[in-house]
file start_37.txt (compact mmCIF, C-alpha atoms)
# COMPACT_ATOMS: atom_id res chain seq x y z
CA MET S 1 -18.05 17.72 15.44
CA ASP S 2 -18.55 15.51 12.36
CA GLN S 3 -15.37 14.10 10.90
CA LYS S 4 -14.68 15.27 7.36
CA LYS S 5 -14.48 12.66 4.64
CA LEU S 6 -13.79 12.68 0.94
CA SER S 7 -16.94 13.34 -1.06
CA PHE S 8 -17.96 11.00 -3.86
CA ILE S 9 -16.26 11.81 -7.18
CA PRO S 10 -18.37 10.22 -9.97
CA GLN S 11 -15.83 10.49 -12.78
CA LEU S 12 -13.35 8.38 -10.82
CA ASP S 13 -15.78 5.46 -11.18
CA SER S 14 -15.63 5.86 -14.95
CA PHE S 15 -11.85 5.82 -14.81
CA ARG S 16 -12.03 2.66 -12.69
CA PHE S 17 -13.85 0.93 -15.53
CA ILE S 18 -11.38 2.27 -18.11
CA ALA S 19 -8.51 0.96 -15.99
CA VAL S 20 -10.07 -2.49 -15.60
CA CYS S 21 -10.64 -2.63 -19.38
CA LEU S 22 -6.90 -2.11 -19.87
CA VAL S 23 -6.26 -5.11 -17.61
CA ILE S 24 -8.83 -7.22 -19.48
CA ILE S 25 -7.18 -6.38 -22.82
CA SER S 26 -3.84 -7.45 -21.38
CA HIS S 27 -5.15 -10.79 -20.09
CA TRP S 28 -7.59 -11.71 -22.85
CA LEU S 29 -5.30 -10.72 -25.74
CA PRO S 30 -1.81 -11.49 -24.38
CA GLY S 31 -0.16 -11.87 -27.80
CA ASN S 32 -1.94 -8.97 -29.47
CA ILE S 33 0.18 -6.21 -30.98
CA ILE S 34 -1.62 -3.66 -28.79
CA ASN S 35 -0.14 -5.26 -25.68
CA ARG S 36 3.31 -5.28 -27.23
CA ILE S 37 3.11 -1.55 -27.90
CA ILE S 38 1.32 -0.46 -24.71
CA PRO S 39 1.66 -2.10 -21.24
CA ASN S 40 -2.12 -2.09 -20.76
CA GLY S 41 -2.32 -4.28 -17.69
CA PHE S 42 0.49 -2.46 -15.91
CA ILE S 43 -1.11 0.91 -16.61
CA GLY S 44 -4.50 -0.25 -15.34
CA VAL S 45 -3.18 -1.76 -12.11
CA THR S 46 -0.91 1.22 -11.43
CA PHE S 47 -3.87 3.57 -11.79
CA PHE S 48 -5.80 1.49 -9.25
CA PHE S 49 -2.88 1.67 -6.81
CA VAL S 50 -2.55 5.45 -7.14
CA LEU S 51 -6.30 5.86 -6.73
CA SER S 52 -6.28 3.66 -3.62
CA GLY S 53 -3.36 5.60 -2.19
CA TYR S 54 -5.21 8.86 -2.80
CA LEU S 55 -8.63 7.84 -1.48
CA ILE S 56 -7.42 5.91 1.54
CA SER S 57 -4.83 8.52 2.53
CA THR S 58 -7.30 11.39 2.20
CA ASN S 59 -9.78 9.80 4.58
CA LEU S 60 -7.00 8.74 6.97
CA LEU S 61 -5.66 12.30 6.98
CA TYR S 62 -9.14 13.59 7.79
CA ALA S 63 -9.32 11.05 10.62
CA LYS S 64 -5.90 12.22 11.83
CA GLU S 65 -7.23 15.79 12.03
CA SER S 66 -10.06 14.55 14.25
CA ILE S 67 -7.64 12.56 16.39
CA ASP S 68 -5.34 15.55 16.85
CA ALA S 69 -8.33 17.75 17.70
CA GLY S 70 -9.51 15.26 20.32
CA TYR S 71 -12.76 14.35 18.59
CA LEU S 72 -11.69 10.81 17.74
CA THR S 73 -9.50 8.22 19.42
CA ARG S 74 -6.86 6.28 17.52
CA GLY S 75 -8.48 3.03 18.64
CA ARG S 76 -11.81 4.03 17.16
CA ALA S 77 -10.14 5.25 13.96
CA PHE S 78 -8.28 1.95 13.50
CA LYS S 79 -11.41 -0.06 14.23
CA VAL S 80 -13.56 1.85 11.74
CA PHE S 81 -10.91 1.76 9.02
CA TYR S 82 -10.22 -1.98 9.19
CA ILE S 83 -13.85 -2.99 9.57
CA ARG S 84 -14.90 -0.89 6.58
CA ARG S 85 -12.03 -2.24 4.45
CA THR S 86 -12.94 -5.79 5.47
CA ILE S 87 -16.59 -5.27 4.55
CA ARG S 88 -15.62 -3.88 1.15
CA ILE S 89 -12.88 -6.31 0.12
CA PHE S 90 -13.08 -9.66 1.90
CA PRO S 91 -16.57 -11.02 1.06
CA LEU S 92 -16.21 -10.97 -2.74
CA TYR S 93 -12.56 -11.99 -2.68
CA TYR S 94 -13.15 -15.07 -0.55
CA PHE S 95 -16.37 -15.91 -2.38
CA VAL S 96 -14.44 -16.08 -5.66
CA VAL S 97 -11.37 -17.86 -4.23
CA ILE S 98 -13.47 -20.55 -2.53
CA SER S 99 -15.89 -20.93 -5.48
CA VAL S 100 -13.03 -21.50 -7.93
CA TYR S 101 -11.48 -24.00 -5.52
CA LEU S 102 -14.75 -25.95 -5.32
CA LEU S 103 -15.10 -25.96 -9.11
CA ASN S 104 -11.58 -27.36 -9.59
CA LYS S 105 -9.03 -27.26 -6.77
CA ASN S 106 -6.23 -28.19 -9.19
CA ILE S 107 -6.27 -24.60 -10.44
CA TYR S 108 -4.43 -23.67 -7.24
CA ASP S 109 -1.75 -26.31 -7.74
CA GLY S 110 -1.58 -26.89 -3.98
CA HIS S 111 -1.11 -23.19 -3.21
CA ILE S 112 -4.58 -22.37 -1.86
CA ILE S 113 -3.17 -21.20 1.51
CA TRP S 114 -1.32 -18.34 -0.21
CA TYR S 115 -4.63 -17.03 -1.52
CA LEU S 116 -6.54 -17.54 1.71
CA THR S 117 -3.89 -15.51 3.57
CA TYR S 118 -3.83 -12.74 0.97
CA LEU S 119 -0.27 -13.48 -0.12
CA PRO S 120 -0.58 -14.32 -3.83
CA ASN S 121 1.92 -11.61 -4.78
CA PHE S 122 4.63 -13.28 -2.66
CA LEU S 123 3.74 -16.62 -4.25
CA VAL S 124 4.28 -15.09 -7.70
CA PHE S 125 7.70 -13.82 -6.60
CA LYS S 126 8.62 -17.15 -5.00
CA GLU S 127 7.61 -19.23 -8.02
CA GLN S 128 9.02 -16.63 -10.46
CA HIS S 129 6.07 -16.90 -12.82
CA TRP S 130 2.50 -15.62 -13.04
CA MET S 131 -0.14 -18.04 -11.83
CA GLY S 132 -2.37 -18.46 -14.88
CA MET S 133 -5.95 -17.34 -14.39
CA LEU S 134 -5.13 -16.54 -10.74
CA SER S 135 -2.45 -14.03 -11.74
CA HIS S 136 -4.53 -10.91 -11.25
CA LEU S 137 -5.11 -11.67 -7.57
CA TRP S 138 -1.53 -10.58 -6.80
CA SER S 139 -2.60 -6.92 -6.92
CA LEU S 140 -5.30 -7.50 -4.32
CA GLY S 141 -2.67 -9.02 -2.04
CA ALA S 142 -0.36 -6.03 -2.49
CA GLU S 143 -3.21 -3.64 -1.81
CA GLU S 144 -4.28 -5.44 1.34
CA GLN S 145 -0.71 -5.42 2.66
CA PHE S 146 -0.61 -1.67 2.05
CA TYR S 147 -3.82 -1.26 4.04
CA LEU S 148 -2.37 -3.17 6.99
CA VAL S 149 0.52 -0.75 7.50
CA TRP S 150 -0.63 2.61 6.15
CA PRO S 151 -2.96 3.75 8.98
CA PHE S 152 -0.18 3.24 11.54
CA LEU S 153 2.17 5.52 9.61
CA ILE S 154 -0.40 8.27 9.19
CA PHE S 155 -1.82 8.14 12.71
CA PHE S 156 1.47 7.93 14.61
CA ILE S 157 3.73 10.20 12.55
CA ARG S 158 3.36 13.95 13.05
CA GLU S 159 1.72 15.75 10.17
CA LYS S 160 4.71 17.98 9.43
CA TYR S 161 6.81 14.87 8.68
CA LEU S 162 4.31 13.26 6.32
CA LYS S 163 5.32 15.61 3.50
CA PHE S 164 8.76 13.99 3.69
CA LEU S 165 7.53 10.45 4.41
CA PHE S 166 5.27 10.05 1.37
CA PRO S 167 7.83 11.15 -1.26
CA GLY S 168 10.46 9.20 0.66
CA ILE S 169 8.43 6.02 0.28
CA VAL S 170 8.13 6.69 -3.46
CA LEU S 171 11.90 7.13 -3.71
CA ALA S 172 12.56 3.99 -1.64
CA SER S 173 10.30 1.95 -3.91
CA VAL S 174 12.02 3.21 -7.07
CA LEU S 175 15.46 2.46 -5.56
CA CYS S 176 14.37 -1.07 -4.61
CA LYS S 177 13.14 -1.69 -8.14
CA PHE S 178 16.43 -0.37 -9.48
CA CYS S 179 18.27 -2.91 -7.28
CA PHE S 180 16.00 -5.70 -8.50
CA PHE S 181 16.66 -4.58 -12.08
CA ILE S 182 20.45 -4.65 -11.55
CA TYR S 183 20.97 -7.64 -9.26
CA ILE S 184 18.14 -10.09 -10.03
CA PRO S 185 17.06 -9.28 -13.58
CA GLU S 186 16.22 -12.95 -14.17
CA ASN S 187 13.24 -12.69 -11.79
CA THR S 188 10.69 -10.75 -13.80
CA CYS S 189 8.09 -11.07 -11.04
CA THR S 190 9.62 -8.60 -8.57
CA SER S 191 6.91 -6.15 -9.64
CA ALA S 192 4.44 -8.24 -7.62
CA LEU S 193 6.18 -7.42 -4.34
CA THR S 194 4.50 -4.77 -2.21
CA ILE S 195 7.66 -2.64 -2.11
CA SER S 196 7.50 -2.42 -5.91
CA CYS S 197 4.00 -0.96 -5.70
CA LEU S 198 4.74 1.66 -3.07
CA ASP S 199 5.77 4.28 -5.61
CA ALA S 200 2.17 4.22 -6.91
CA PHE S 201 0.63 4.17 -3.42
CA GLY S 202 3.04 6.90 -2.32
CA VAL S 203 2.21 9.14 -5.27
CA GLY S 204 -1.49 8.75 -4.42
CA ALA S 205 -0.78 9.58 -0.77
CA SER S 206 1.30 12.61 -1.76
CA LEU S 207 -1.58 13.78 -3.93
CA ALA S 208 -3.93 13.41 -0.95
CA LEU S 209 -1.66 15.55 1.21
CA LEU S 210 -1.36 18.11 -1.57
CA THR S 211 -5.09 18.41 -2.20
CA LEU S 212 -5.76 19.04 1.48
CA LYS S 213 -3.86 22.30 0.98
CA GLU S 214 -5.34 23.00 -2.44
CA LYS S 215 -5.54 26.77 -2.08
CA GLN S 216 -1.76 26.89 -1.63
CA ASN S 217 -1.27 24.92 -4.83
CA ASP S 218 -3.77 26.44 -7.26
CA PHE S 219 -1.22 26.43 -10.08
CA ILE S 220 -1.36 22.62 -10.20
CA PHE S 221 -5.12 22.57 -10.57
CA SER S 222 -5.48 25.02 -13.44
CA ASN S 223 -6.71 23.56 -16.73
CA LYS S 224 -3.77 24.94 -18.72
CA ASN S 225 -1.14 23.46 -16.41
CA PHE S 226 -2.93 20.12 -16.24
CA TRP S 227 -2.66 19.48 -19.98
CA LEU S 228 0.93 20.69 -20.03
CA TYR S 229 1.95 18.30 -17.25
CA PHE S 230 -0.19 15.47 -18.60
CA ILE S 231 1.26 15.52 -22.13
CA ALA S 232 4.80 15.90 -20.76
CA MET S 233 4.41 12.87 -18.46
CA VAL S 234 2.76 10.71 -21.14
CA ILE S 235 5.72 11.40 -23.44
CA THR S 236 8.15 10.70 -20.60
CA SER S 237 6.38 7.41 -19.81
CA ALA S 238 6.56 6.36 -23.46
CA ILE S 239 10.30 7.13 -23.61
CA VAL S 240 10.94 5.18 -20.39
CA PHE S 241 8.94 2.18 -21.68
CA ILE S 242 10.53 2.15 -25.14
CA ASN S 243 14.01 2.28 -23.64
CA GLY S 244 13.29 -0.51 -21.17
CA ILE S 245 13.85 1.57 -18.02
CA ILE S 246 11.33 -0.60 -16.22
CA PHE S 247 12.14 0.52 -12.67
CA LEU S 248 11.00 4.07 -13.54
CA LEU S 249 7.89 3.12 -15.52
CA GLY S 250 5.65 2.68 -12.49
CA PHE S 251 6.59 6.09 -11.13
CA CYS S 252 5.95 7.81 -14.48
CA ILE S 253 2.57 6.14 -14.94
CA SER S 254 1.74 6.99 -11.32
CA ILE S 255 2.27 10.68 -12.03
CA VAL S 256 0.05 10.45 -15.12
CA SER S 257 -2.59 8.70 -12.99
CA ALA S 258 -2.33 11.36 -10.28
CA LEU S 259 -2.87 14.10 -12.85
CA ILE S 260 -6.00 12.32 -14.11
CA ILE S 261 -7.29 12.00 -10.55
CA ILE S 262 -6.63 15.70 -9.89
CA LYS S 263 -8.59 16.62 -12.99
CA ALA S 264 -11.44 14.22 -12.18
CA THR S 265 -11.87 15.78 -8.73
CA LYS S 266 -12.58 19.07 -10.52
CA GLY S 267 -14.52 17.33 -13.27
CA PHE S 268 -13.60 16.89 -16.92
CA LYS S 269 -15.68 19.18 -19.12
CA GLY S 270 -16.80 19.10 -22.74
CA LEU S 271 -17.25 15.87 -24.69
CA GLY S 272 -14.86 13.99 -22.42
CA GLY S 273 -16.83 15.05 -19.38
CA LYS S 274 -20.13 13.96 -20.96
CA ILE S 275 -18.66 10.52 -21.71
CA LEU S 276 -17.24 10.15 -18.20
CA ASP S 277 -20.56 11.23 -16.68
CA HIS S 278 -22.63 8.79 -18.75
CA PRO S 279 -24.77 6.58 -16.46
CA ILE S 280 -23.65 3.34 -18.16
CA LEU S 281 -19.97 4.13 -17.67
CA LEU S 282 -20.60 5.20 -14.08
CA TYR S 283 -22.46 1.95 -13.39
CA LEU S 284 -19.69 -0.17 -14.90
CA GLY S 285 -17.22 1.72 -12.75
CA LYS S 286 -19.32 1.00 -9.67
CA ILE S 287 -19.11 -2.74 -10.31
CA SER S 288 -15.45 -2.59 -11.43
CA TYR S 289 -14.19 -4.54 -8.40
CA GLY S 290 -16.34 -7.47 -9.47
CA ILE S 291 -15.35 -7.04 -13.11
CA TYR S 292 -11.70 -7.15 -12.11
CA ILE S 293 -11.88 -10.13 -9.81
CA TYR S 294 -14.02 -12.25 -12.17
CA HIS S 295 -12.53 -11.35 -15.56
CA PHE S 296 -9.66 -13.84 -15.76
CA PHE S 297 -11.99 -16.76 -14.98
CA ILE S 298 -14.56 -15.99 -17.68
CA PRO S 299 -12.72 -17.48 -20.72
CA TRP S 300 -12.09 -20.64 -18.67
CA LEU S 301 -15.75 -20.77 -17.62
CA ILE S 302 -16.93 -20.40 -21.23
CA ARG S 303 -14.57 -23.20 -22.32
CA CYS S 304 -16.02 -25.41 -19.58
CA ILE S 305 -19.58 -24.62 -20.69
CA ARG S 306 -18.68 -25.44 -24.30
CA GLY S 307 -16.97 -28.67 -23.24
CA GLN S 308 -13.60 -27.49 -24.59
CA GLU S 309 -11.63 -27.14 -21.35
CA ILE S 310 -8.96 -29.84 -21.06
CA THR S 311 -6.59 -28.65 -18.32
CA TYR S 312 -9.09 -27.67 -15.62
CA PRO S 313 -12.50 -29.17 -16.50
CA THR S 314 -15.36 -28.89 -14.06
CA VAL S 315 -18.74 -30.53 -13.60
CA ILE S 316 -21.18 -28.01 -15.06
CA PRO S 317 -23.81 -28.36 -17.82
CA VAL S 318 -22.25 -28.40 -21.29
CA PHE S 319 -23.59 -26.41 -24.24
CA PRO S 320 -21.25 -26.93 -27.21
CA MET S 321 -22.32 -23.80 -29.12
CA ASN S 322 -20.85 -25.16 -32.36
CA TRP S 323 -21.96 -22.02 -34.19
CA LEU S 324 -19.53 -19.90 -32.18
CA HIS S 325 -16.38 -19.76 -34.33
CA ASN S 326 -15.67 -16.05 -34.69
CA PRO S 327 -13.08 -15.02 -32.04
CA PHE S 328 -14.42 -11.47 -31.83
CA LEU S 329 -17.96 -12.72 -31.29
CA LEU S 330 -16.63 -15.10 -28.64
CA MET S 331 -14.88 -12.25 -26.86
CA GLY S 332 -18.06 -10.17 -27.04
CA ILE S 333 -20.02 -13.00 -25.40
CA GLU S 334 -17.32 -13.41 -22.74
CA PHE S 335 -17.50 -9.69 -21.96
CA LEU S 336 -21.30 -9.81 -21.76
CA VAL S 337 -21.12 -12.80 -19.40
CA LEU S 338 -18.55 -10.92 -17.31
CA ILE S 339 -20.82 -7.89 -16.95
CA ILE S 340 -23.81 -10.09 -16.07
CA ILE S 341 -21.86 -12.00 -13.41
CA ALA S 342 -20.34 -8.80 -11.97
CA SER S 343 -23.81 -7.21 -11.87
CA LEU S 344 -25.35 -10.20 -10.11
CA SER S 345 -22.43 -10.16 -7.71
CA TRP S 346 -22.97 -6.47 -7.00
CA PHE S 347 -26.68 -6.77 -6.25
CA LEU S 348 -26.63 -10.14 -4.47
CA ILE S 349 -23.31 -10.05 -2.59
CA GLU S 350 -21.51 -6.71 -2.50
CA LYS S 351 -24.33 -4.18 -2.13
CA PRO S 352 -26.18 -6.00 0.68
CA ILE S 353 -22.94 -6.43 2.65
CA LEU S 354 -21.86 -2.83 2.05
CA LYS S 355 -24.94 -1.65 3.92
CA PHE S 356 -23.18 -2.66 7.13
CA LYS S 357 -20.62 0.10 6.59
CA LYS S 358 -23.14 2.64 7.86
CA TYR S 359 -22.66 1.23 11.37
CA PHE S 360 -18.95 2.08 11.29
CA VAL S 361 -18.51 5.77 10.53
call {"tool": "encode", "arguments": {"input": "start_37.txt", "output": "structure tokens"}}
result
Amino acid sequence: MDQKKLSFIPQLDSFRFIAVCLVIISHWLPGNIINRIIPNGFIGVTFFFVLSGYLISTNLLYAKESIDAGYLTRGRAFKVFYIRRTIRIFPLYYFVVISVYLLNKNIYDGHIIWYLTYLPNFLVFKEQHWMGMLSHLWSLGAEEQFYLVWPFLIFFIREKYLKFLFPGIVLASVLCKFCFFIYIPENTCTSALTISCLDAFGVGASLALLTLKEKQNDFIFSNKNFWLYFIAMVITSAIVFINGIIFLLGFCISIVSALIIIKATKGFKGLGGKILDHPILLYLGKISYGIYIYHFFIPWLIRCIRGQEITYPTVIPVFPMNWLHNPFLLMGIEFLVLIIIASLSWFLIEKPILKFKKYFV
């Protein structure tokens, strides 16, 4: 018997790119009015967490079915899961972390071990501030910590209890964030802790469990109900954000993200569907991991190339580019460089290594 697995959903790749663009806007235009009105970076990262919770949990639940049916051992399931996650995540992450260290180790301010051990989110919490151009790596740490624990919960807890466990984890995360909000409001970096992200992961996992029983929940998947729920949750999220109820914002955005994922699994139609199915958008979504992990370093790299970097200079050829004064043109060049680097990374590093996943299925 072949183990079931989640089929490829193209439109989710397009949404990956949209989500990473929200993060780029947040980091490249920190003082822009857009970021003061909309929490772009938070929305983008939360979507990624929900999507990870959904995709990972779906395949783990399929594996659990095979384990329960006697077609797969837990040992084999654990081995395949962790090897495939390692192949997908570690090579590019460590390539970037080590490359940046070699270019200028002062960027890490003596904290390189936190990044090598996948604990940058705990470093952010400990230092109570975001770590400059390394800040975005906190989410990769939180995600990896989720991966370490999640298979054990799914494989060892009986299926009938999972429908209580997943929402319970969401509730526990929201309650923890409420306690942070009340008792340590001065530490604005509690959102980097893994427990603060579990509402998003838990919503994604709950969605995975729900979609496995789709025929019993057809009312959720109808087009009419989707737009009703989506608009209602967007309005709710806006109200929560405007009123500063931060501990609920992640949960609200997670529900919006889950609704988008539900719709994408069925496929958006019309003009929106044509845009989401466009080959360029699908390609950019495919290389979105590289786009995400490289993006915060690109402005620094361009400053180094132009000979304008003062804080963290590095020994690379300098091209002053004195003609480049327009900030919008500069940002356009930075984005082009980002796409080129992410593309080279995909074809030279990620794609060749990903071929090894076929040996672990």
call {"tool": "closest_residue", "arguments": {"input": "start_37.txt", "among": "S:Ala232, S:Ile302, S:Met133, S:Ile34", "to": "Val97 of chain S", "atoms": "all atoms listed in the file"}}
result
S:Met133
call {"tool": "residues_around", "arguments": {"input": "start_37.txt", "residues": "segment 287-289 of chain S", "least_positions_apart": "2", "cutoff": "12 Å", "atoms": "all atoms listed in the file", "output": "MDAnalysis selection string"}}
result
chainID S and resid 12:21 23:24 44:45 48 88:93 96 136:137 139:140 280:285 291:295 338:347 349:351
call {"tool": "residues_around", "arguments": {"input": "start_37.txt", "residues": "segment 175-192 of chain S", "least_positions_apart": "6", "cutoff": "12 Å", "atoms": "all atoms listed in the file", "output": "ChimeraX atom specification"}}
result
/S:42,45-46,119-131,135-143,145,168-169,198-200,244-251
call {"tool": "closest_residue", "arguments": {"input": "start_37.txt", "among": "S:Ile154, S:Leu22, S:Ile305, S:Ala77", "to": "Val337 of chain S", "atoms": "only C-alpha atoms"}}
result
S:Ile305
call {"tool": "residues_around", "arguments": {"input": "start_37.txt", "residues": "Leu212 of chain S", "least_positions_apart": "5", "cutoff": "12 Å", "atoms": "all atoms listed in the file", "output": "list of chain:residue names"}}
result
S:Lys4, S:Lys5, S:Leu6, S:Tyr54, S:Leu55, S:Ser57, S:Thr58, S:Asn59, S:Leu60, S:Leu61, S:Tyr62, S:Glu65, S:Glu159, S:Lys163, S:Ala205, S:Ser206, S:Leu207, S:Asn217, S:Asp218, S:Ile262
call {"tool": "atom_distance", "arguments": {"input": "start_37.txt", "atom1": "atom CA of Gly267 of chain S", "atom2": "atom CA of Gln11 of chain S"}}
result
7.0 Å
call {"tool": "closest_residue", "arguments": {"input": "start_37.txt", "among": "S:Gly307, S:Pro279, S:Pro352, S:Pro299", "to": "Pro10 of chain S", "atoms": "only C-alpha atoms"}}
result
S:Pro279
call {"tool": "residues_around", "arguments": {"input": "start_37.txt", "residues": "Trp323 of chain S", "least_positions_apart": "5", "cutoff": "12 Å", "atoms": "all atoms listed in the file", "output": "PyMOL selection string"}}
result
chain S and resi 306+329-330
call {"tool": "write_last_selection", "arguments": {"input": "start_37.txt", "atoms": "C-alpha atoms", "output": "PDB file, keeping the file's coordinate frame"}}
result
ATOM      1  CA  ARG S 306     -18.680 -25.440 -24.300  1.00  0.00           C
ATOM      2  CA  LEU S 329     -17.960 -12.720 -31.290  1.00  0.00           C
ATOM      3  CA  LEU S 330     -16.630 -15.100 -28.640  1.00  0.00           C
TER       4      LEU S 330
END
call {"tool": "closest_residue", "arguments": {"input": "start_37.txt", "among": "S:Arg303, S:Thr211, S:Glu334, S:Phe81", "to": "Pro320 of chain S", "atoms": "only C-alpha atoms"}}
result
S:Arg303
